[in-house]
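Inspection log for the structure reproduced underneath, given as structure tokens.
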Amino acid sequence: MPDSPQPVHIKGRVHPLAMLLLRSTEAGDIASHLDSMRGEADGPDLLARSLICLDCSWLGEHKDALDLPRLVHTLRGAGLAPVAVKDPSPAQEALLPSLGCIKFEEQARAMQSTKAERVPPMVVDRPVRCGQTIYAKGRDLIVLAGVNPGAEVLADGNIHVYGALRGRALAGALGDVEARVHCGQFLPELVGVAGVYLTSDELVGRTSPGPALCLLEGEELTIHAAPYGLAEPGASGKL
Amino acid sequence: MATVIVVTSGKGGVGKTTTVAAMGTGLALRGKRVVVIDFDVGLRNLDLIMGCERRVVYDFINVIHGEAALRQALIKDKRVDSLFILPTSQTRDKDALTPEGVQVIIDQLREEFDYILCDSPAGIEHGAMMAMHHADEAIVVCNPEVSSVRDSDRIIGLLASKTRRAIEGHAPVRERLLITRYDPERVARGEMLSVQDVQDILAVPLLGVIPESRAILQASNEGNPVILDGDTEAGQAYADAVARLSGEERPLRFITPEKRGFLAKLFGKDKKARGA
């Protein structure tokens, strides 16, 4: 899409964070111990590919004995990426912005678990008929029948149509570029994901009498007919 | 207690009034007490198709406005006992139909009849809504072509959301599909949607398929419901549909192209040309 409507797009992504539980207040000891672990399976080579959180909770009241700026700079010098500190002392917490780190909040873990909670999809068990609009807000939409010409289905998540998709379907209505449209027969008037859409005019010769799915690959909306085999280029029935 | 059936389609000219006349007559021929009501206010047609236009004195709207008693407005059919016609006004428009007024009349008719057939106007405006409002069942009339199928689809959606049954949360209106003006030869040539094509989209049980027939126009002109002519394919197809409506099983007929003999092909004769 040449003209993107927004210059930037925020996406929630869960990224693993390696927790480094500190059991010494000597920055030099910590660094040299990590250095001695090089080559081990769970050693610094693995850490080099992760974001790191320094966990001060074990240190208790001795936290302030730790020279946090020195430890952060030493780790960075060794090619690691400390980005957060858990349980810093108030004095250390004041230093965090200057170190380019954030305070690790338990809240963050709570948010992660909310995200993992499954929002049940909206299920429609009858045909979506001409003139009807169905919007699955904040969830997936499953239509057990068909979506007829002149009907419109929208979802913030994925759309699954077990029958024929003959009307309009817009997945990722709030901009989720990972959303997809699956259907039993692909004969839409319009299909779109995250604001990128194709009209039936642009779909001539790309409809399918059998199951098909539609997703965003980069900025292009692509359509694949079953059998999918998306992993192997050439094996997929890309339309 | 009567069953109220709306005959509706969304699109105009697909055969609603013809269907009301034929099905109403067919049910009455089976001994049911039937009244057919014309909801197409301003475009009075049902009385013409039923052949009683010269006996209309009072109409549906007069009764709603209290200008006549229901008994005065009901016209008894001359051919079939137990069949009555409630004609509509030609001079008023559809806004003359009020939900309360229609309700009173339907409630009165429910006491006296087995079937109340409501002939809906085309479209999805006030008149069509009034016609479907009290329905227990619906016959959705559809021609085998794309725009008619789409309009029927729209109407089926409204039956499920805007009728009294839907609004008051009762069992949904029982919908059945009647495909009219079906021409098997054009279907075979790919010029017309097939029964299967229509059913794939509408997904409603099939009440019947009425073949395209010259007999229908002739019957309309004569004010003689086509079902009374048992020699015609259309009349027989309507009789089958009435039987299915009454709970009988009947195989579908007239949906495959007729095998024509060598001579018929040579001289281009076909049954339709002979008015069957």
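Numbering starts fresh at 1 for the residues of each chain in the structure tokens, the chains themselves are lettered A, B, ... in the order given, and ligands are numbered from 1 as they appear.
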**Study point:** Distance-based interface of chain B with chain A, 9 Å, counting only C-alpha atoms, as a VMD selection string
**Key:** chain B and resid 150 to 157 200 to 203
Would you save the residues from that selection as a CSV table (one decimal), in the first residue's frame, using C-alpha atoms?
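Everything below was put into part01.csv:
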chain,number,residue,atom,x,y,z
B,150,ARG,CA,-30.8,-10.8,-3.5
B,151,ASP,CA,-34.1,-9.1,-2.8
B,152,SER,CA,-35.6,-12.3,-1.4
B,153,ASP,CA,-32.5,-12.7,0.8
B,154,ARG,CA,-33.1,-9.2,2.2
B,155,ILE,CA,-36.7,-10.0,2.9
B,156,ILE,CA,-35.8,-13.3,4.7
B,157,GLY,CA,-33.5,-11.3,6.9
B,200,ASP,CA,-27.4,-22.4,-2.1
B,201,ILE,CA,-27.8,-18.7,-1.4
B,202,LEU,CA,-31.2,-18.5,0.3
B,203,ALA,CA,-30.9,-21.7,2.4
So that I can check the secondary structure, give me every residue of stretch 83-262 of chain B assigned helix (DSSP H, G or I) by backbone DSSP, as a tab-separated table (two decimals) with N, CA and C atoms, in the first residue's frame.
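Ended up saving to part36.tsv:
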chain	number	residue	atom	x	y	z
B	94	LYS	N	-50.09	3.61	1.08
B	94	LYS	CA	-49.76	2.57	2.06
B	94	LYS	C	-49.70	3.10	3.49
B	95	ASP	N	-49.55	4.44	3.63
B	95	ASP	CA	-49.51	5.00	4.99
B	95	ASP	C	-50.85	4.84	5.69
B	96	ALA	N	-51.90	4.56	4.91
B	96	ALA	CA	-53.22	4.36	5.51
B	96	ALA	C	-53.25	3.09	6.36
B	99	PRO	N	-50.42	-0.18	12.22
B	99	PRO	CA	-50.20	-1.47	12.89
B	99	PRO	C	-51.41	-1.89	13.72
B	100	GLU	N	-52.01	-0.92	14.41
B	100	GLU	CA	-53.14	-1.25	15.28
B	100	GLU	C	-54.35	-1.68	14.44
B	101	GLY	N	-54.58	-0.91	13.36
B	101	GLY	CA	-55.72	-1.23	12.50
B	101	GLY	C	-55.59	-2.62	11.89
B	102	VAL	N	-54.39	-2.94	11.41
B	102	VAL	CA	-54.15	-4.25	10.81
B	102	VAL	C	-54.33	-5.34	11.86
B	103	GLN	N	-53.82	-5.06	13.05
B	103	GLN	CA	-53.90	-6.02	14.16
B	103	GLN	C	-55.36	-6.41	14.45
B	104	VAL	N	-56.23	-5.39	14.52
B	104	VAL	CA	-57.64	-5.65	14.84
B	104	VAL	C	-58.26	-6.57	13.79
B	105	ILE	N	-57.95	-6.28	12.52
B	105	ILE	CA	-58.56	-7.06	11.44
B	105	ILE	C	-58.02	-8.49	11.43
B	106	ILE	N	-56.70	-8.62	11.58
B	106	ILE	CA	-56.11	-9.96	11.59
B	106	ILE	C	-56.69	-10.77	12.75
B	107	ASP	N	-56.81	-10.13	13.92
B	107	ASP	CA	-57.35	-10.85	15.09
B	107	ASP	C	-58.77	-11.34	14.83
B	108	GLN	N	-59.57	-10.49	14.19
B	108	GLN	CA	-60.95	-10.88	13.87
B	108	GLN	C	-60.96	-12.04	12.87
B	109	LEU	N	-60.11	-11.95	11.86
B	109	LEU	CA	-60.09	-12.98	10.83
B	109	LEU	C	-59.58	-14.32	11.38
B	110	ARG	N	-58.65	-14.23	12.33
B	110	ARG	CA	-58.11	-15.46	12.92
B	110	ARG	C	-59.21	-16.33	13.51
B	111	GLU	N	-60.27	-15.68	14.03
B	111	GLU	CA	-61.37	-16.42	14.64
B	111	GLU	C	-62.13	-17.26	13.62
B	112	GLU	N	-62.22	-16.75	12.40
B	112	GLU	CA	-63.15	-17.34	11.43
B	112	GLU	C	-62.51	-18.19	10.35
B	126	HIS	N	-43.00	0.53	4.31
B	126	HIS	CA	-44.10	0.36	5.27
B	126	HIS	C	-45.11	-0.72	4.88
B	127	GLY	N	-45.57	-0.70	3.63
B	127	GLY	CA	-46.60	-1.65	3.20
B	127	GLY	C	-46.14	-3.08	3.36
B	128	ALA	N	-44.89	-3.35	2.94
B	128	ALA	CA	-44.34	-4.71	3.03
B	128	ALA	C	-44.18	-5.12	4.50
B	129	MET	N	-43.79	-4.15	5.33
B	129	MET	CA	-43.61	-4.43	6.76
B	129	MET	C	-44.95	-4.76	7.41
B	130	MET	N	-46.00	-4.01	7.01
B	130	MET	CA	-47.33	-4.27	7.56
B	130	MET	C	-47.81	-5.67	7.15
B	131	ALA	N	-47.52	-6.04	5.89
B	131	ALA	CA	-47.98	-7.33	5.40
B	131	ALA	C	-47.31	-8.49	6.14
B	132	MET	N	-46.03	-8.31	6.50
B	132	MET	CA	-45.32	-9.44	7.13
B	132	MET	C	-45.45	-9.44	8.65
B	133	HIS	N	-45.91	-8.31	9.21
B	133	HIS	CA	-45.83	-8.14	10.65
B	133	HIS	C	-46.47	-9.26	11.46
B	146	VAL	N	-30.47	-13.17	-10.48
B	146	VAL	CA	-29.64	-12.67	-9.40
B	146	VAL	C	-30.33	-11.59	-8.55
B	147	SER	N	-30.97	-10.60	-9.19
B	147	SER	CA	-31.52	-9.50	-8.40
B	147	SER	C	-32.70	-9.96	-7.56
B	148	SER	N	-33.49	-10.88	-8.10
B	148	SER	CA	-34.63	-11.39	-7.33
B	148	SER	C	-34.13	-12.18	-6.12
B	149	VAL	N	-33.07	-12.97	-6.33
B	149	VAL	CA	-32.51	-13.76	-5.22
B	149	VAL	C	-32.00	-12.82	-4.14
B	150	ARG	N	-31.33	-11.76	-4.54
B	150	ARG	CA	-30.79	-10.84	-3.55
B	150	ARG	C	-31.90	-10.16	-2.74
B	151	ASP	N	-32.97	-9.74	-3.45
B	151	ASP	CA	-34.08	-9.09	-2.75
B	151	ASP	C	-34.79	-10.06	-1.81
B	152	SER	N	-34.93	-11.30	-2.26
B	152	SER	CA	-35.56	-12.31	-1.40
B	152	SER	C	-34.70	-12.53	-0.15
B	153	ASP	N	-33.41	-12.53	-0.33
B	153	ASP	CA	-32.49	-12.71	0.80
B	153	ASP	C	-32.69	-11.60	1.83
B	154	ARG	N	-32.83	-10.39	1.31
B	154	ARG	CA	-33.07	-9.23	2.18
B	154	ARG	C	-34.37	-9.41	2.97
B	155	ILE	N	-35.41	-9.84	2.26
B	155	ILE	CA	-36.73	-10.04	2.90
B	155	ILE	C	-36.65	-11.12	3.97
B	156	ILE	N	-35.92	-12.20	3.69
B	156	ILE	CA	-35.82	-13.29	4.68
B	156	ILE	C	-35.13	-12.76	5.94
B	157	GLY	N	-34.14	-11.91	5.76
B	157	GLY	CA	-33.50	-11.29	6.92
B	157	GLY	C	-34.48	-10.45	7.73
B	158	LEU	N	-35.36	-9.73	7.04
B	158	LEU	CA	-36.34	-8.89	7.74
B	158	LEU	C	-37.39	-9.75	8.44
B	159	LEU	N	-37.76	-10.87	7.83
B	159	LEU	CA	-38.73	-11.77	8.47
B	159	LEU	C	-38.20	-12.25	9.82
B	164	ARG	N	-43.66	-9.51	14.11
B	164	ARG	CA	-44.14	-9.54	15.49
B	164	ARG	C	-43.51	-10.71	16.24
B	165	ARG	N	-43.44	-11.86	15.58
B	165	ARG	CA	-42.83	-13.04	16.23
B	165	ARG	C	-41.39	-12.75	16.64
B	166	ALA	N	-40.65	-12.09	15.78
B	166	ALA	CA	-39.25	-11.80	16.10
B	166	ALA	C	-39.16	-10.79	17.24
B	167	ILE	N	-40.00	-9.76	17.16
B	167	ILE	CA	-39.92	-8.67	18.15
B	167	ILE	C	-40.35	-9.16	19.53
B	168	GLU	N	-41.40	-10.00	19.55
B	168	GLU	CA	-41.91	-10.48	20.84
B	168	GLU	C	-41.21	-11.75	21.32
B	184	PRO	N	-36.70	-24.56	-17.38
B	184	PRO	CA	-35.63	-25.56	-17.32
B	184	PRO	C	-34.69	-25.52	-18.52
B	185	GLU	N	-35.22	-25.15	-19.68
B	185	GLU	CA	-34.36	-25.13	-20.86
B	185	GLU	C	-33.34	-24.00	-20.78
B	186	ARG	N	-33.77	-22.87	-20.28
B	186	ARG	CA	-32.82	-21.74	-20.12
B	186	ARG	C	-31.83	-22.04	-19.00
B	187	VAL	N	-32.29	-22.78	-17.99
B	187	VAL	CA	-31.36	-23.19	-16.93
B	187	VAL	C	-30.29	-24.10	-17.52
B	188	ALA	N	-30.74	-25.06	-18.37
B	188	ALA	CA	-29.80	-26.01	-18.98
B	188	ALA	C	-28.79	-25.28	-19.86
B	195	VAL	N	-32.45	-24.33	-9.57
B	195	VAL	CA	-33.05	-24.47	-8.24
B	195	VAL	C	-31.94	-24.55	-7.19
B	196	GLN	N	-30.91	-25.34	-7.51
B	196	GLN	CA	-29.80	-25.52	-6.56
B	196	GLN	C	-29.07	-24.20	-6.30
B	197	ASP	N	-28.82	-23.45	-7.37
B	197	ASP	CA	-28.14	-22.14	-7.21
B	197	ASP	C	-28.92	-21.25	-6.24
B	198	VAL	N	-30.23	-21.19	-6.45
B	198	VAL	CA	-31.07	-20.31	-5.62
B	198	VAL	C	-31.06	-20.80	-4.18
B	199	GLN	N	-31.17	-22.11	-4.02
B	199	GLN	CA	-31.22	-22.66	-2.66
B	199	GLN	C	-29.88	-22.51	-1.93
B	200	ASP	N	-28.77	-22.60	-2.71
B	200	ASP	CA	-27.45	-22.43	-2.10
B	200	ASP	C	-27.36	-21.10	-1.37
B	201	ILE	N	-27.93	-20.07	-2.00
B	201	ILE	CA	-27.83	-18.74	-1.39
B	201	ILE	C	-28.90	-18.53	-0.33
B	202	LEU	N	-30.13	-18.87	-0.64
B	202	LEU	CA	-31.22	-18.51	0.27
B	202	LEU	C	-31.33	-19.47	1.45
B	214	ARG	N	-47.22	-19.64	-20.29
B	214	ARG	CA	-48.13	-18.65	-20.87
B	214	ARG	C	-49.49	-18.70	-20.21
B	215	ALA	N	-49.79	-19.83	-19.62
B	215	ALA	CA	-51.11	-20.00	-18.99
B	215	ALA	C	-51.32	-19.00	-17.87
B	216	ILE	N	-50.22	-18.55	-17.26
B	216	ILE	CA	-50.36	-17.65	-16.11
B	216	ILE	C	-50.90	-16.30	-16.55
B	217	LEU	N	-50.34	-15.76	-17.62
B	217	LEU	CA	-50.81	-14.46	-18.09
B	217	LEU	C	-52.28	-14.55	-18.50
B	218	GLN	N	-52.58	-15.65	-19.18
B	218	GLN	CA	-53.96	-15.86	-19.61
B	218	GLN	C	-54.89	-15.93	-18.40
B	219	ALA	N	-54.48	-16.68	-17.39
B	219	ALA	CA	-55.30	-16.82	-16.18
B	219	ALA	C	-55.49	-15.47	-15.51
B	220	SER	N	-54.41	-14.67	-15.46
B	220	SER	CA	-54.50	-13.36	-14.83
B	220	SER	C	-55.49	-12.48	-15.58
B	221	ASN	N	-55.38	-12.49	-16.89
B	221	ASN	CA	-56.27	-11.65	-17.70
B	221	ASN	C	-57.72	-12.04	-17.50
B	222	GLU	N	-57.95	-13.33	-17.31
B	222	GLU	CA	-59.33	-13.81	-17.16
B	222	GLU	C	-59.81	-13.74	-15.71
B	226	VAL	N	-54.73	-19.69	-11.66
B	226	VAL	CA	-54.21	-20.70	-12.59
B	226	VAL	C	-54.35	-22.12	-12.04
B	227	ILE	N	-54.46	-22.23	-10.74
B	227	ILE	CA	-54.56	-23.56	-10.13
B	227	ILE	C	-55.87	-24.25	-10.52
B	228	LEU	N	-56.87	-23.44	-10.95
B	228	LEU	CA	-58.16	-24.02	-11.35
B	228	LEU	C	-58.05	-24.75	-12.69
B	233	GLU	N	-49.18	-26.99	-16.62
B	233	GLU	CA	-48.06	-27.34	-15.74
B	233	GLU	C	-48.03	-26.41	-14.54
B	234	ALA	N	-48.27	-25.11	-14.78
B	234	ALA	CA	-48.23	-24.14	-13.68
B	234	ALA	C	-49.30	-24.48	-12.65
B	235	GLY	N	-50.50	-24.83	-13.14
B	235	GLY	CA	-51.59	-25.18	-12.23
B	235	GLY	C	-51.24	-26.40	-11.40
B	236	GLN	N	-50.63	-27.41	-12.05
B	236	GLN	CA	-50.24	-28.63	-11.33
B	236	GLN	C	-49.13	-28.34	-10.33
B	237	ALA	N	-48.19	-27.48	-10.74
B	237	ALA	CA	-47.08	-27.16	-9.83
B	237	ALA	C	-47.60	-26.43	-8.59
B	238	TYR	N	-48.59	-25.54	-8.79
B	238	TYR	CA	-49.19	-24.86	-7.63
B	238	TYR	C	-49.94	-25.85	-6.75
B	239	ALA	N	-50.62	-26.81	-7.38
B	239	ALA	CA	-51.35	-27.83	-6.60
B	239	ALA	C	-50.36	-28.63	-5.74
B	240	ASP	N	-49.19	-28.94	-6.32
B	240	ASP	CA	-48.15	-29.64	-5.55
B	240	ASP	C	-47.72	-28.79	-4.35
B	241	ALA	N	-47.53	-27.49	-4.61
B	241	ALA	CA	-47.07	-26.59	-3.54
B	241	ALA	C	-48.10	-26.52	-2.42
B	242	VAL	N	-49.39	-26.48	-2.79
B	242	VAL	CA	-50.45	-26.45	-1.79
B	242	VAL	C	-50.42	-27.75	-0.97
B	243	ALA	N	-50.19	-28.86	-1.66
B	243	ALA	CA	-50.12	-30.15	-0.96
B	243	ALA	C	-48.96	-30.14	0.04
B	244	ARG	N	-47.82	-29.61	-0.39
B	244	ARG	CA	-46.66	-29.56	0.53
B	244	ARG	C	-46.95	-28.63	1.71
B	245	LEU	N	-47.64	-27.53	1.42
B	245	LEU	CA	-47.99	-26.61	2.50
B	245	LEU	C	-48.89	-27.31	3.52
B	262	PHE	N	-38.38	-35.74	-32.50
B	262	PHE	CA	-37.73	-35.27	-33.71
B	262	PHE	C	-38.64	-34.30	-34.48
**Study point:** Close residues, B:Phe60 itself excluded, 10 Å, only C-alpha atoms, min 5 positions apart in chain, as a PyMOL selection string
**Key:** chain B and resi 37-39+41+65-70+73-74+85-89+96-97+101-102+105
Please save N, CA, C and O atoms of the selected residues as a PDB file, in the first residue's frame.
ATOM      1  N   ILE B  37     -55.758 -11.359   1.522  1.00  0.00           N
ATOM      2  CA  ILE B  37     -55.795  -9.913   1.767  1.00  0.00           C
ATOM      3  C   ILE B  37     -54.787  -9.210   0.874  1.00  0.00           C
ATOM      4  O   ILE B  37     -53.628  -9.629   0.789  1.00  0.00           O
ATOM      5  N   ASP B  38     -55.233  -8.138   0.245  1.00  0.00           N
ATOM      6  CA  ASP B  38     -54.349  -7.339  -0.603  1.00  0.00           C
ATOM      7  C   ASP B  38     -53.744  -6.197   0.223  1.00  0.00           C
ATOM      8  O   ASP B  38     -54.445  -5.287   0.650  1.00  0.00           O
ATOM      9  N   PHE B  39     -52.432  -6.280   0.463  1.00  0.00           N
ATOM     10  CA  PHE B  39     -51.747  -5.228   1.224  1.00  0.00           C
ATOM     11  C   PHE B  39     -51.136  -4.163   0.309  1.00  0.00           C
ATOM     12  O   PHE B  39     -50.484  -3.235   0.787  1.00  0.00           O
ATOM     13  N   VAL B  41     -51.689  -1.389  -1.073  1.00  0.00           N
ATOM     14  CA  VAL B  41     -52.617  -0.259  -1.081  1.00  0.00           C
ATOM     15  C   VAL B  41     -52.205   0.735  -2.168  1.00  0.00           C
ATOM     16  O   VAL B  41     -51.044   1.114  -2.270  1.00  0.00           O
ATOM     17  N   HIS B  65     -60.391   2.099   9.011  1.00  0.00           N
ATOM     18  CA  HIS B  65     -60.845   3.421   9.442  1.00  0.00           C
ATOM     19  C   HIS B  65     -62.253   3.405  10.041  1.00  0.00           C
ATOM     20  O   HIS B  65     -62.812   4.457  10.334  1.00  0.00           O
ATOM     21  N   GLY B  66     -62.824   2.209  10.166  1.00  0.00           N
ATOM     22  CA  GLY B  66     -64.139   2.100  10.783  1.00  0.00           C
ATOM     23  C   GLY B  66     -65.266   2.575   9.897  1.00  0.00           C
ATOM     24  O   GLY B  66     -66.367   2.863  10.370  1.00  0.00           O
ATOM     25  N   GLU B  67     -65.030   2.675   8.583  1.00  0.00           N
ATOM     26  CA  GLU B  67     -66.072   3.153   7.662  1.00  0.00           C
ATOM     27  C   GLU B  67     -66.949   2.004   7.166  1.00  0.00           C
ATOM     28  O   GLU B  67     -67.944   2.214   6.496  1.00  0.00           O
ATOM     29  N   ALA B  68     -66.508   0.781   7.442  1.00  0.00           N
ATOM     30  CA  ALA B  68     -67.310  -0.385   7.043  1.00  0.00           C
ATOM     31  C   ALA B  68     -66.974  -1.530   7.989  1.00  0.00           C
ATOM     32  O   ALA B  68     -65.897  -1.557   8.591  1.00  0.00           O
ATOM     33  N   ALA B  69     -67.916  -2.466   8.096  1.00  0.00           N
ATOM     34  CA  ALA B  69     -67.638  -3.660   8.909  1.00  0.00           C
ATOM     35  C   ALA B  69     -66.835  -4.643   8.068  1.00  0.00           C
ATOM     36  O   ALA B  69     -66.934  -4.650   6.836  1.00  0.00           O
ATOM     37  N   LEU B  70     -66.056  -5.451   8.751  1.00  0.00           N
ATOM     38  CA  LEU B  70     -65.227  -6.441   8.055  1.00  0.00           C
ATOM     39  C   LEU B  70     -66.105  -7.307   7.141  1.00  0.00           C
ATOM     40  O   LEU B  70     -65.754  -7.582   5.993  1.00  0.00           O
ATOM     41  N   ALA B  73     -66.832  -5.875   3.792  1.00  0.00           N
ATOM     42  CA  ALA B  73     -65.720  -5.737   2.857  1.00  0.00           C
ATOM     43  C   ALA B  73     -65.274  -7.081   2.274  1.00  0.00           C
ATOM     44  O   ALA B  73     -64.707  -7.128   1.182  1.00  0.00           O
ATOM     45  N   LEU B  74     -65.533  -8.165   2.990  1.00  0.00           N
ATOM     46  CA  LEU B  74     -65.121  -9.486   2.502  1.00  0.00           C
ATOM     47  C   LEU B  74     -65.961  -9.900   1.291  1.00  0.00           C
ATOM     48  O   LEU B  74     -67.189  -9.834   1.337  1.00  0.00           O
ATOM     49  N   ILE B  85     -62.100 -12.834  -0.304  1.00  0.00           N
ATOM     50  CA  ILE B  85     -61.093 -11.848  -0.721  1.00  0.00           C
ATOM     51  C   ILE B  85     -61.344 -10.551   0.052  1.00  0.00           C
ATOM     52  O   ILE B  85     -62.488 -10.094   0.133  1.00  0.00           O
ATOM     53  N   LEU B  86     -60.274 -10.005   0.616  1.00  0.00           N
ATOM     54  CA  LEU B  86     -60.364  -8.680   1.239  1.00  0.00           C
ATOM     55  C   LEU B  86     -59.554  -7.735   0.355  1.00  0.00           C
ATOM     56  O   LEU B  86     -58.327  -7.711   0.423  1.00  0.00           O
ATOM     57  N   PRO B  87     -60.242  -6.979  -0.502  1.00  0.00           N
ATOM     58  CA  PRO B  87     -59.517  -6.128  -1.454  1.00  0.00           C
ATOM     59  C   PRO B  87     -58.961  -4.886  -0.754  1.00  0.00           C
ATOM     60  O   PRO B  87     -59.301  -4.606   0.385  1.00  0.00           O
ATOM     61  N   THR B  88     -58.133  -4.166  -1.475  1.00  0.00           N
ATOM     62  CA  THR B  88     -57.564  -2.967  -0.883  1.00  0.00           C
ATOM     63  C   THR B  88     -58.026  -1.737  -1.638  1.00  0.00           C
ATOM     64  O   THR B  88     -58.718  -1.834  -2.642  1.00  0.00           O
ATOM     65  N   SER B  89     -57.619  -0.590  -1.142  1.00  0.00           N
ATOM     66  CA  SER B  89     -58.060   0.663  -1.738  1.00  0.00           C
ATOM     67  C   SER B  89     -57.140   1.064  -2.876  1.00  0.00           C
ATOM     68  O   SER B  89     -55.937   0.842  -2.837  1.00  0.00           O
ATOM     69  N   ALA B  96     -51.900   4.561   4.911  1.00  0.00           N
ATOM     70  CA  ALA B  96     -53.221   4.361   5.510  1.00  0.00           C
ATOM     71  C   ALA B  96     -53.252   3.090   6.356  1.00  0.00           C
ATOM     72  O   ALA B  96     -54.169   2.889   7.143  1.00  0.00           O
ATOM     73  N   LEU B  97     -52.264   2.208   6.174  1.00  0.00           N
ATOM     74  CA  LEU B  97     -52.178   0.994   6.993  1.00  0.00           C
ATOM     75  C   LEU B  97     -51.528   1.347   8.325  1.00  0.00           C
ATOM     76  O   LEU B  97     -50.415   1.863   8.364  1.00  0.00           O
ATOM     77  N   GLY B 101     -54.584  -0.915  13.360  1.00  0.00           N
ATOM     78  CA  GLY B 101     -55.718  -1.234  12.496  1.00  0.00           C
ATOM     79  C   GLY B 101     -55.594  -2.624  11.891  1.00  0.00           C
ATOM     80  O   GLY B 101     -56.552  -3.408  11.872  1.00  0.00           O
ATOM     81  N   VAL B 102     -54.390  -2.944  11.412  1.00  0.00           N
ATOM     82  CA  VAL B 102     -54.150  -4.254  10.806  1.00  0.00           C
ATOM     83  C   VAL B 102     -54.334  -5.341  11.864  1.00  0.00           C
ATOM     84  O   VAL B 102     -54.968  -6.371  11.628  1.00  0.00           O
ATOM     85  N   ILE B 105     -57.952  -6.276  12.524  1.00  0.00           N
ATOM     86  CA  ILE B 105     -58.559  -7.059  11.438  1.00  0.00           C
ATOM     87  C   ILE B 105     -58.018  -8.492  11.434  1.00  0.00           C
ATOM     88  O   ILE B 105     -58.775  -9.462  11.318  1.00  0.00           O
TER      89      ILE B 105
END
**Study point:** Close residues, A:Leu221 itself excluded, 9 Å, only C-alpha atoms, min 4 positions apart in chain, as number ranges by chain
**Key:** A: 192-193, 196-198, 214-217
Practice item. Work out how far atom CA of A:Thr207 is from atom CA of A:Leu141, in Å to one decimal. Key: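 Spanning atom CA of A:Leu141 to atom CA of A:Thr207 is a straight-line distance of 21.2 Å.
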